Structure formats: C-alpha cells, structure tokens
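Novice: File name structure_10.tsv; file contents TSV, C-alpha atoms; full text below.
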chain	number	residue	atom	x	y	z
A	1	MET	CA	266.86	147.29	-48.90
A	2	PRO	CA	264.03	145.11	-47.67
A	3	VAL	CA	262.72	147.80	-45.30
A	4	ILE	CA	259.38	148.97	-46.64
A	5	ASP	CA	258.67	152.68	-46.59
A	6	PRO	CA	254.88	152.94	-46.22
A	7	ALA	CA	255.02	156.39	-47.86
A	8	THR	CA	255.99	154.71	-51.13
A	9	VAL	CA	253.24	152.07	-51.05
A	10	PRO	CA	250.05	152.91	-52.97
A	11	VAL	CA	246.97	153.31	-50.78
A	12	LYS	CA	244.39	150.79	-51.97
A	13	THR	CA	240.72	151.68	-51.59
A	14	GLY	CA	237.57	150.24	-53.09
A	15	SER	CA	236.38	146.64	-53.08
A	16	ILE	CA	235.97	143.69	-55.40
A	17	TYR	CA	232.41	143.32	-54.07
A	18	PRO	CA	229.49	144.18	-56.33
A	19	GLU	CA	227.03	146.81	-55.11
A	20	PRO	CA	225.41	147.23	-52.65
A	21	TYR	CA	228.27	145.58	-50.74
A	22	ALA	CA	231.12	147.66	-52.22
A	23	SER	CA	229.68	150.88	-50.81
A	24	MET	CA	229.63	149.32	-47.36
A	25	MET	CA	233.45	149.31	-47.44
A	26	GLN	CA	233.80	153.11	-47.39
A	27	GLY	CA	236.38	154.30	-44.89
A	28	ARG	CA	238.59	151.26	-45.37
A	29	SER	CA	241.97	151.43	-47.09
A	30	SER	CA	245.07	149.27	-47.12
A	31	LEU	CA	248.77	149.16	-47.90
A	32	ARG	CA	249.95	145.94	-49.53
A	33	LEU	CA	253.24	145.83	-47.66
A	34	GLY	CA	254.19	142.26	-48.57
A	35	ASP	CA	253.60	142.84	-52.27
A	36	ALA	CA	255.58	146.10	-52.04
A	37	GLY	CA	258.46	144.12	-50.55
A	38	GLY	CA	258.44	141.54	-53.34
A	39	LEU	CA	256.63	138.75	-51.49
A	40	SER	CA	254.27	136.44	-53.35
A	41	GLN	CA	253.54	133.52	-51.03
A	42	PHE	CA	251.25	135.37	-48.62
A	43	GLY	CA	249.63	138.77	-48.34
A	44	ALA	CA	250.72	141.18	-45.60
A	45	ASN	CA	248.45	144.22	-45.66
A	46	LEU	CA	248.16	147.12	-43.26
A	47	VAL	CA	244.46	147.99	-43.14
A	48	SER	CA	243.19	151.38	-41.93
A	49	LEU	CA	239.61	151.79	-40.73
A	50	GLU	CA	238.11	155.23	-40.29
A	51	PRO	CA	235.55	155.56	-37.50
A	52	GLY	CA	232.56	153.42	-38.43
A	53	ALA	CA	234.33	151.52	-41.19
A	54	LEU	CA	234.22	147.74	-41.71
A	55	SER	CA	237.18	145.58	-42.69
A	56	SER	CA	234.98	143.44	-44.97
A	57	LEU	CA	231.63	141.75	-44.94
A	58	ARG	CA	231.66	139.12	-42.20
A	59	HIS	CA	233.19	136.04	-43.86
A	60	TRP	CA	235.24	132.91	-43.57
A	61	HIS	CA	237.85	131.40	-45.87
A	62	GLN	CA	237.67	127.82	-47.04
A	63	TYR	CA	241.32	127.28	-47.97
A	64	GLU	CA	243.35	130.20	-46.61
A	65	ASP	CA	244.64	130.79	-43.08
A	66	GLU	CA	244.38	134.37	-41.81
A	67	PHE	CA	246.19	136.14	-38.98
A	68	VAL	CA	245.59	139.63	-37.60
A	69	MET	CA	247.53	141.91	-35.26
A	70	VAL	CA	245.99	145.25	-34.28
A	71	THR	CA	248.65	147.95	-34.56
A	72	GLU	CA	246.79	151.15	-33.65
A	73	GLY	CA	243.52	152.14	-32.03
A	74	GLU	CA	240.64	149.79	-31.33
A	75	CYS	CA	239.11	147.21	-33.66
A	76	THR	CA	235.96	145.36	-32.67
A	77	LEU	CA	236.03	141.75	-33.87
A	78	VAL	CA	232.58	140.38	-34.70
A	79	GLN	CA	231.91	136.64	-34.86
A	80	ASP	CA	228.96	134.27	-34.36
A	81	ALA	CA	229.35	134.44	-30.58
A	82	GLY	CA	229.48	138.24	-30.40
A	83	GLU	CA	231.97	141.05	-30.20
A	84	THR	CA	235.48	141.43	-28.79
A	85	VAL	CA	237.36	144.73	-28.62
A	86	MET	CA	240.98	144.36	-29.73
A	87	ARG	CA	243.73	146.91	-29.13
A	88	ALA	CA	247.31	147.45	-30.32
A	89	GLY	CA	249.28	144.24	-29.95
A	90	ASP	CA	246.22	141.97	-29.75
A	91	CYS	CA	246.23	139.10	-32.22
A	92	ALA	CA	243.67	136.73	-33.67
A	93	ALA	CA	243.90	133.69	-35.93
A	94	PHE	CA	241.28	132.37	-38.35
A	95	PRO	CA	242.14	128.87	-39.59
A	96	ALA	CA	241.01	127.90	-43.07
A	97	GLY	CA	237.72	126.06	-43.14
A	98	ASN	CA	236.34	127.28	-39.82
A	99	PRO	CA	232.83	128.52	-40.71
A	100	ASP	CA	232.64	131.08	-37.88
A	101	GLY	CA	232.67	134.26	-39.95
A	102	HIS	CA	234.57	137.32	-38.79
A	103	HIS	CA	235.15	140.94	-39.58
A	104	PHE	CA	236.29	144.08	-37.79
A	105	ILE	CA	234.38	147.28	-37.13
A	106	ASN	CA	235.93	150.50	-35.94
A	107	ARG	CA	233.43	151.59	-33.29
A	108	SER	CA	235.82	154.24	-31.92
A	109	ASP	CA	236.12	157.88	-32.89
A	110	ARG	CA	239.62	157.67	-34.33
A	111	VAL	CA	241.39	155.65	-36.98
A	112	ALA	CA	242.25	152.02	-36.23
A	113	ARG	CA	244.80	149.88	-38.03
A	114	PHE	CA	245.68	146.21	-38.21
A	115	LEU	CA	248.16	144.03	-40.02
A	116	VAL	CA	246.52	141.09	-41.75
A	117	ILE	CA	248.35	138.09	-43.15
A	118	GLY	CA	246.59	135.71	-45.52
A	119	SER	CA	247.99	132.71	-47.31
A	120	ARG	CA	247.42	132.45	-51.07
A	121	ALA	CA	245.70	129.28	-52.14
A	122	PRO	CA	245.39	128.39	-55.84
A	123	ARG	CA	241.63	128.43	-55.34
A	124	GLU	CA	239.71	130.18	-52.59
A	125	VAL	CA	236.09	130.43	-51.55
A	126	ALA	CA	234.96	133.18	-49.17
A	127	THR	CA	231.49	132.75	-47.69
A	128	TYR	CA	229.68	135.73	-46.16
A	129	SER	CA	227.90	135.05	-42.89
A	130	ASP	CA	225.17	137.67	-42.87
A	131	VAL	CA	224.11	137.81	-46.52
A	132	ASP	CA	223.44	135.22	-49.25
A	133	PHE	CA	226.77	135.79	-50.98
A	134	ARG	CA	229.92	133.86	-51.76
A	135	VAL	CA	233.05	134.61	-53.82
A	136	GLU	CA	235.12	131.98	-55.61
A	137	ILE	CA	238.60	133.14	-56.62
A	138	GLU	CA	240.80	131.19	-59.01
A	139	GLY	CA	243.53	132.33	-61.39
A	140	GLY	CA	243.00	135.93	-60.30
A	141	ARG	CA	239.33	135.89	-61.31
A	142	ALA	CA	236.42	136.29	-58.92
A	143	ARG	CA	233.03	134.65	-59.41
A	144	PHE	CA	230.14	135.85	-57.26
A	145	THR	CA	227.50	133.31	-56.27
A	146	TYR	CA	224.70	132.74	-53.82
A	147	LYS	CA	225.44	130.18	-51.13
A	148	ASP	CA	223.78	127.48	-53.27
A	149	GLY	CA	226.48	128.06	-55.91
A	150	THR	CA	224.27	129.74	-58.52
A	151	ASP	CA	225.39	133.02	-60.09
A	152	TRP	CA	224.78	136.10	-57.97
A	153	VAL	CA	222.64	138.70	-59.71
A	154	GLY	CA	221.69	140.91	-56.76
A	155	PRO	CA	220.84	140.81	-53.08
A	156	ARG	CA	218.10	138.36	-52.10
B	1	MET	CA	237.48	132.56	-29.75
B	2	PRO	CA	240.23	133.26	-32.26
B	3	VAL	CA	241.77	136.00	-30.09
B	4	ILE	CA	245.10	134.72	-28.87
B	5	ASP	CA	246.00	135.39	-25.26
B	6	PRO	CA	249.81	135.60	-25.24
B	7	ALA	CA	249.78	134.61	-21.55
B	8	THR	CA	248.58	131.14	-22.57
B	9	VAL	CA	251.19	130.63	-25.30
B	10	PRO	CA	254.34	128.71	-24.26
B	11	VAL	CA	257.53	130.78	-24.40
B	12	LYS	CA	259.92	129.03	-26.75
B	13	THR	CA	263.64	129.38	-26.10
B	14	GLY	CA	266.65	127.49	-27.40
B	15	SER	CA	267.64	126.80	-31.00
B	16	ILE	CA	267.79	123.99	-33.51
B	17	TYR	CA	271.38	125.06	-34.27
B	18	PRO	CA	274.25	122.84	-33.15
B	19	GLU	CA	276.89	124.36	-30.88
B	20	PRO	CA	278.63	126.76	-30.98
B	21	TYR	CA	275.78	128.51	-32.82
B	22	ALA	CA	272.98	127.57	-30.38
B	23	SER	CA	274.65	129.44	-27.52
B	24	MET	CA	274.78	132.57	-29.67
B	25	MET	CA	270.95	132.68	-29.49
B	26	GLN	CA	270.81	133.41	-25.77
B	27	GLY	CA	268.39	136.20	-24.91
B	28	ARG	CA	266.02	135.32	-27.73
B	29	SER	CA	262.58	133.82	-27.12
B	30	SER	CA	259.38	133.57	-29.10
B	31	LEU	CA	255.65	132.97	-28.91
B	32	ARG	CA	254.23	130.88	-31.74
B	33	LEU	CA	251.02	132.86	-32.04
B	34	GLY	CA	249.84	131.38	-35.34
B	35	ASP	CA	250.30	127.81	-34.14
B	36	ALA	CA	248.50	128.71	-30.90
B	37	GLY	CA	245.58	129.98	-32.98
B	38	GLY	CA	245.37	126.79	-35.02
B	39	LEU	CA	247.10	128.02	-38.17
B	40	SER	CA	249.25	125.67	-40.22
B	41	GLN	CA	249.93	127.41	-43.54
B	42	PHE	CA	252.43	129.98	-42.24
B	43	GLY	CA	254.22	130.75	-39.01
B	44	ALA	CA	253.38	133.94	-37.08
B	45	ASN	CA	255.80	134.30	-34.18
B	46	LEU	CA	256.34	137.15	-31.77
B	47	VAL	CA	260.08	137.23	-31.09
B	48	SER	CA	261.58	138.95	-28.02
B	49	LEU	CA	265.22	140.02	-27.99
B	50	GLU	CA	266.90	140.97	-24.74
B	51	PRO	CA	269.60	143.65	-25.02
B	52	GLY	CA	272.45	142.21	-27.09
B	53	ALA	CA	270.45	139.25	-28.40
B	54	LEU	CA	270.35	138.07	-32.02
B	55	SER	CA	267.24	136.88	-33.85
B	56	SER	CA	269.23	134.15	-35.64
B	57	LEU	CA	272.49	133.71	-37.45
B	58	ARG	CA	272.44	135.94	-40.52
B	59	HIS	CA	270.68	133.84	-43.17
B	60	TRP	CA	268.48	133.69	-46.25
B	61	HIS	CA	265.70	131.30	-47.20
B	62	GLN	CA	265.66	129.52	-50.53
B	63	TYR	CA	261.94	128.70	-50.74
B	64	GLU	CA	260.14	130.63	-48.03
B	65	ASP	CA	259.02	134.27	-48.00
B	66	GLU	CA	259.52	136.14	-44.72
B	67	PHE	CA	257.92	139.34	-43.40
B	68	VAL	CA	258.76	141.27	-40.24
B	69	MET	CA	257.04	144.07	-38.32
B	70	VAL	CA	258.80	145.53	-35.29
B	71	THR	CA	256.26	145.87	-32.46
B	72	GLU	CA	258.33	147.23	-29.56
B	73	GLY	CA	261.72	148.83	-29.01
B	74	GLU	CA	264.50	148.96	-31.58
B	75	CYS	CA	265.79	146.14	-33.75
B	76	THR	CA	268.87	146.62	-35.89
B	77	LEU	CA	268.58	144.83	-39.22
B	78	VAL	CA	271.91	143.58	-40.58
B	79	GLN	CA	272.38	142.75	-44.26
B	80	ASP	CA	275.21	142.67	-46.80
B	81	ALA	CA	274.99	146.44	-47.28
B	82	GLY	CA	275.07	147.28	-43.58
B	83	GLU	CA	272.73	148.09	-40.74
B	84	THR	CA	269.31	149.73	-40.47
B	85	VAL	CA	267.62	150.57	-37.18
B	86	MET	CA	263.94	149.60	-37.19
B	87	ARG	CA	261.35	150.78	-34.65
B	88	ALA	CA	257.76	149.91	-33.77
B	89	GLY	CA	255.64	149.79	-36.91
B	90	ASP	CA	258.59	149.44	-39.30
B	91	CYS	CA	258.32	146.50	-41.69
B	92	ALA	CA	260.70	144.52	-43.88
B	93	ALA	CA	260.22	141.78	-46.45
B	94	PHE	CA	262.65	139.04	-47.44
B	95	PRO	CA	261.56	137.26	-50.62
B	96	ALA	CA	262.49	133.60	-51.00
B	97	GLY	CA	265.67	133.04	-52.93
B	98	ASN	CA	267.26	136.46	-52.39
B	99	PRO	CA	270.78	135.62	-51.16
B	100	ASP	CA	271.23	138.84	-49.15
B	101	GLY	CA	271.27	137.35	-45.66
B	102	HIS	CA	269.59	139.13	-42.76
B	103	HIS	CA	269.17	139.01	-39.04
B	104	PHE	CA	268.26	141.39	-36.23
B	105	ILE	CA	270.36	142.50	-33.27
B	106	ASN	CA	269.02	144.32	-30.26
B	107	ARG	CA	271.69	146.99	-29.76
B	108	SER	CA	269.50	148.92	-27.30
B	109	ASP	CA	269.34	148.63	-23.53
B	110	ARG	CA	265.78	147.33	-23.32
B	111	VAL	CA	263.80	144.46	-24.77
B	112	ALA	CA	262.80	144.62	-28.44
B	113	ARG	CA	260.06	142.61	-30.12
B	114	PHE	CA	258.99	141.85	-33.66
B	115	LEU	CA	256.32	139.80	-35.38
B	116	VAL	CA	257.73	137.50	-38.04
B	117	ILE	CA	255.69	135.69	-40.66
B	118	GLY	CA	257.23	132.85	-42.65
B	119	SER	CA	255.59	130.62	-45.22
B	120	ARG	CA	255.98	126.87	-44.84
B	121	ALA	CA	257.50	125.17	-47.85
B	122	PRO	CA	257.60	121.35	-48.08
B	123	ARG	CA	261.37	121.65	-48.29
B	124	GLU	CA	263.49	124.57	-47.13
B	125	VAL	CA	267.17	125.45	-47.23
B	126	ALA	CA	268.54	128.21	-45.00
B	127	THR	CA	272.04	129.43	-45.83
B	128	TYR	CA	274.07	131.37	-43.25
B	129	SER	CA	275.96	134.36	-44.58
B	130	ASP	CA	278.80	134.70	-42.11
B	131	VAL	CA	279.71	131.07	-41.38
B	132	ASP	CA	280.13	127.90	-43.47
B	133	PHE	CA	276.76	126.48	-42.47
B	134	ARG	CA	273.49	125.53	-44.08
B	135	VAL	CA	270.33	123.79	-42.85
B	136	GLU	CA	268.04	121.68	-45.02
B	137	ILE	CA	264.59	121.07	-43.57
B	138	GLU	CA	262.20	118.49	-44.98
B	139	GLY	CA	259.42	116.50	-43.31
B	140	GLY	CA	260.18	118.15	-39.98
B	141	ARG	CA	263.79	116.97	-40.01
B	142	ALA	CA	266.83	119.23	-40.14
B	143	ARG	CA	270.09	118.30	-41.82
B	144	PHE	CA	273.13	120.48	-41.15
B	145	THR	CA	275.68	120.88	-43.94
B	146	TYR	CA	278.54	123.05	-45.06
B	147	LYS	CA	277.80	125.28	-48.02
B	148	ASP	CA	279.23	122.61	-50.35
B	149	GLY	CA	276.45	120.25	-49.20
B	150	THR	CA	278.62	117.87	-47.18
B	151	ASP	CA	277.61	116.96	-43.64
B	152	TRP	CA	278.45	119.55	-41.01
B	153	VAL	CA	280.64	118.18	-38.22
B	154	GLY	CA	281.83	121.41	-36.62
B	155	PRO	CA	282.84	124.98	-37.41
B	156	ARG	CA	285.49	125.37	-40.09
In structure tokens, write the structure found in this file.
Specialist:
Amino acid sequence: MPVIDPATVPVKTGSIYPEPYASMMQGRSSLRLGDAGGLSQFGANLVSLEPGALSSLRHWHQYEDEFVMVTEGECTLVQDAGETVMRAGDCAAFPAGNPDGHHFINRSDRVARFLVIGSRAPREVATYSDVDFRVEIEGGRARFTYKDGTDWVGPR
Amino acid sequence: MPVIDPATVPVKTGSIYPEPYASMMQGRSSLRLGDAGGLSQFGANLVSLEPGALSSLRHWHQYEDEFVMVTEGECTLVQDAGETVMRAGDCAAFPAGNPDGHHFINRSDRVARFLVIGSRAPREVATYSDVDFRVEIEGGRARFTYKDGTDWVGPR
C-alpha cells in the first residue's frame, strides 16, 4: 500500500555540513517520507525541530524549488526582511534562484514540525546567507566552497 | 514574502475531463499554492472535498511522482486492493509508472482536505482504472484517448 507509516521510516539526524555548522543543527531530525514511499523525483521530508533548533543554515537554492507546510507547533521563518511566525497549515514557497535566504527556527517551548518538498536537480548550489559558505551537489557528492568558489577549509 | 496567504489564492473548480466524467468531480476544489508562490518545478495543491466528492477518477501516472498528506478531516483512499481511511497527518506516495490506480473519496459528513504534490514531466499519460479512458498531456495540451490509444469520442 502507498500509505506511509511514519513508525517504519528511519529518523534521520545529523548534517552534511562540516563543523562548526553541523553542530548548529542539533535538535533537528527528519523522516524521508517520499523516499520511504518509493518516490525519486522530489523529496518530501517531515522535519521535527526541538525547541531552539534550526532547520538549516539560512540558505537559498539555485536550481531547486522548495515548498513548506507547517504541520505542528510554531516555526519562525527568517529571511532578509525579518521574521514571520508560521503555524499548522501555513505554507511558504521558495522559488529556485531567488537569493533571499531562508530557514526556520523553533522559538517555542515545544516541538514543531513541517513538511518540506524539494525538487531534485541534476546539479544544485546552496548558498548560505549569513556565513561565507556554499555547497555544490552533483552526482550525490557535495563540495564545500566559499562564496568566491574556492575550496572551504574553515570558517572565515 | 514567500508565505502564501490562502485567502489570496483563486479557488479552482471544474475539471479538464470531458463529460460525463467532469460532472463526477462536483464538490472538489483546489488552491494551487505552489503556483501562487512562484514555483514551477512541481505542483503543490490544497484540495478540498465536500462530503461525497471525489479527488479525481481513479488513475495512475506514467511519468510523474505524486505525494499526498491529508490536512483535515477524513479521506478514503481507493486502490486495486481496496480502501484505506486516511486522517490529518497521514501520507501516501504514488511512484510514477505503478499501475495501481488511486483516488480519494470523502465518505464523511464534513469537508476533507489534502495537500498533493506532483512533479511536472514534459509529457504525461494518466490512465483511468475503472473506465476506458486515458489522457496524454504534452506542451500544456490534453489529448483524450481510449486505453488502446485511439481518440476518445464518448464512454464505451
């Protein structure tokens, strides 16, 4: 059956980021529901944020569209213009190529969850708004760079 | 801001189906949230089903992955093997090319809603499980056929 039982989906924690950024993702976990259901064309992940947790570093995608629906609790969306509190049922869209970086922070005192959909481009570049960091992903491999495209060797 | 205010999104009703199938879609409406937020790579639609309404004719997609999360009320998923009642938070995935047709019926006495994500293939073929009907979509144009590929001219 195509109905996905979340209890059977592995809880993913951790981050592909190098330190010190990986440690900043503590309190975040996700269920890869789309993958669990046999989908390959886009990701459909249910992300859980403990109080204080971040969804990611603030970023924008060059080639991939992203869509979010909050499903539980309160998520605070942060962008260039400031913060917006989003609650269950609230949605947001982040078109590929729009350089207004975003992430979510759980500023509440209980868990918050959102469903995030992301398309899967053959090549993707994520640029991080608040630090000199960029990730290029191609063929399942990630390359970390500064924003000038040179190899990342540590925060600067 | 990328937050989508559903109150500003046009309510879409009607169907691309020819009669008598179009009339079977009464009580269904949707908000194209992804389009409203400027996304193009996949559709993200919030579908509302009045009591008794169907989400579509029972169908499967040849090239496009589909993902559903129920957001309100009860939706009954119908497939070859039978029926499954889904409630808020329940998810289902329908990988491209799996010929086990699906649709949702609202068998309850109040409105039901689900978020549906569908990728956008350059060419798509939807095949309808319970009637001799198929739709080919390419370049924004729909061609209706019987399952043998000949032009559809009416139910048979």
Novice: Report as CSV: every residue of chain A with an atom at most 10 Å from chain B, its closest pair of atoms, and their distance in Å to one decimal, counting all atoms listed in the file, with rows sorted by chain and ascending residue number.
Specialist:
residue,atom,partner,partner_atom,distance
A:Met1,CA,B:Ala81,CA,8.3
A:Pro2,CA,B:Ala92,CA,5.1
A:Val3,CA,B:Ala92,CA,4.1
A:Ile4,CA,B:Ala92,CA,5.4
A:Asp5,CA,B:Cys91,CA,7.9
A:Pro6,CA,B:Cys91,CA,8.6
A:Leu33,CA,B:Cys91,CA,7.9
A:Gly34,CA,B:Ala93,CA,6.4
A:Asp35,CA,B:Ala93,CA,8.9
A:Ala36,CA,B:Ala93,CA,8.5
A:Gly37,CA,B:Ala93,CA,5.0
A:Gly38,CA,B:Pro95,CA,6.0
A:Leu39,CA,B:Pro95,CA,5.2
A:Ser40,CA,B:Asp65,CA,7.5
A:Gln41,CA,B:Asp65,CA,6.3
A:Phe42,CA,B:Ser119,CA,7.3
A:Gly43,CA,B:Phe67,CA,9.7
A:Ala44,CA,B:Phe67,CA,7.8
A:Tyr63,CA,B:Gln41,CA,9.7
A:Glu64,CA,B:Gln41,CA,7.8
A:Asp65,CA,B:Leu39,CA,6.2
A:Glu66,CA,B:Leu39,CA,7.8
A:Phe67,CA,B:Gly34,CA,7.0
A:Val68,CA,B:Val3,CA,9.2
A:Met69,CA,B:Leu115,CA,9.0
A:Thr71,CA,B:Gly89,CA,7.6
A:Glu72,CA,B:Gly89,CA,9.5
A:Leu77,CA,B:Val3,CA,9.0
A:Gln79,CA,B:Met1,CA,8.6
A:Asp80,CA,B:Met1,CA,9.8
A:Ala81,CA,B:Met1,CA,8.4
A:Gly82,CA,B:Met1,CA,9.8
A:Thr84,CA,B:Val3,CA,8.4
A:Val85,CA,B:Val3,CA,9.9
A:Met86,CA,B:Val3,CA,8.4
A:Ala88,CA,B:Thr71,CA,9.3
A:Gly89,CA,B:Thr71,CA,7.6
A:Asp90,CA,B:Ile4,CA,7.4
A:Cys91,CA,B:Ile4,CA,5.6
A:Ala92,CA,B:Val3,CA,4.1
A:Ala93,CA,B:Gly37,CA,5.0
A:Phe94,CA,B:Pro2,CA,6.2
A:Pro95,CA,B:Leu39,CA,5.2
A:Ala96,CA,B:Leu39,CA,7.8
A:Asp100,CA,B:Met1,CA,9.6
A:His102,CA,B:Pro2,CA,9.5
A:Leu115,CA,B:Met69,CA,9.0
A:Ile117,CA,B:Ile117,CA,8.1
A:Gly118,CA,B:Phe42,CA,8.8
A:Ser119,CA,B:Gln41,CA,6.8
A:Arg120,CA,B:Gln41,CA,9.4
A:Ala121,CA,B:Gln41,CA,9.8
Novice: I'd like the contact shell of region 11-27 of chain B - 12 Å cut-off, all atoms listed in the file, skipping same-chain residues fewer than 4 positions apart - returned as JSON, numbers by chain.
Specialist: {"B": [6, 7, 31, 32, 33, 36, 45, 46, 47, 48, 49, 50, 51, 52, 53, 54, 55, 56, 57, 58, 103, 104, 105, 106, 110, 111, 112, 113, 126, 128, 130, 131, 132, 133, 134, 135, 136, 137, 140, 141, 142, 143, 144, 145, 152, 153, 154, 155, 156]}
Novice: CA of Val116 (chain B) and CA of Ser30 (chain B) are how many Å apart?
Specialist: 9.9 Å
Novice: Just to confirm, what's the straight-line distance from CA of Gly101 (chain B) to CA of Val125 (chain B) in Å (one decimal)?
Specialist: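 Result for CA of Gly101 (chain B) versus CA of Val125 (chain B): 12.7 Å, one decimal.
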Novice: Under the rule that only C-alpha atoms are counted, which of B:Asp109, B:Glu124, B:Glu138, B:Glu83 is the nearest residue to Gly97 (chain B)?
Specialist: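 That would be B:Glu124, the residue with the smallest distance to Gly97 (chain B).
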Novice: Just how far from CA of Glu74 (chain A) is CA of Ser108 (chain A), in Å to one decimal?
Specialist: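 Going from CA of Ser108 (chain A) over to CA of Glu74 (chain A), I get 6.6 Å.
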Novice: Using the file's own x, y and z axes, what box holds all listed atoms of region 47-57 of chain A with 5 Å on each side, keeping edges along x, y and z, and what are its centre and edge lengths in Å to one decimal, as AutoDock Vina command-line options?
Specialist:
--center_x 238.0 --center_y 148.7 --center_z -41.2 --size_x 22.8 --size_y 23.8 --size_z 17.5
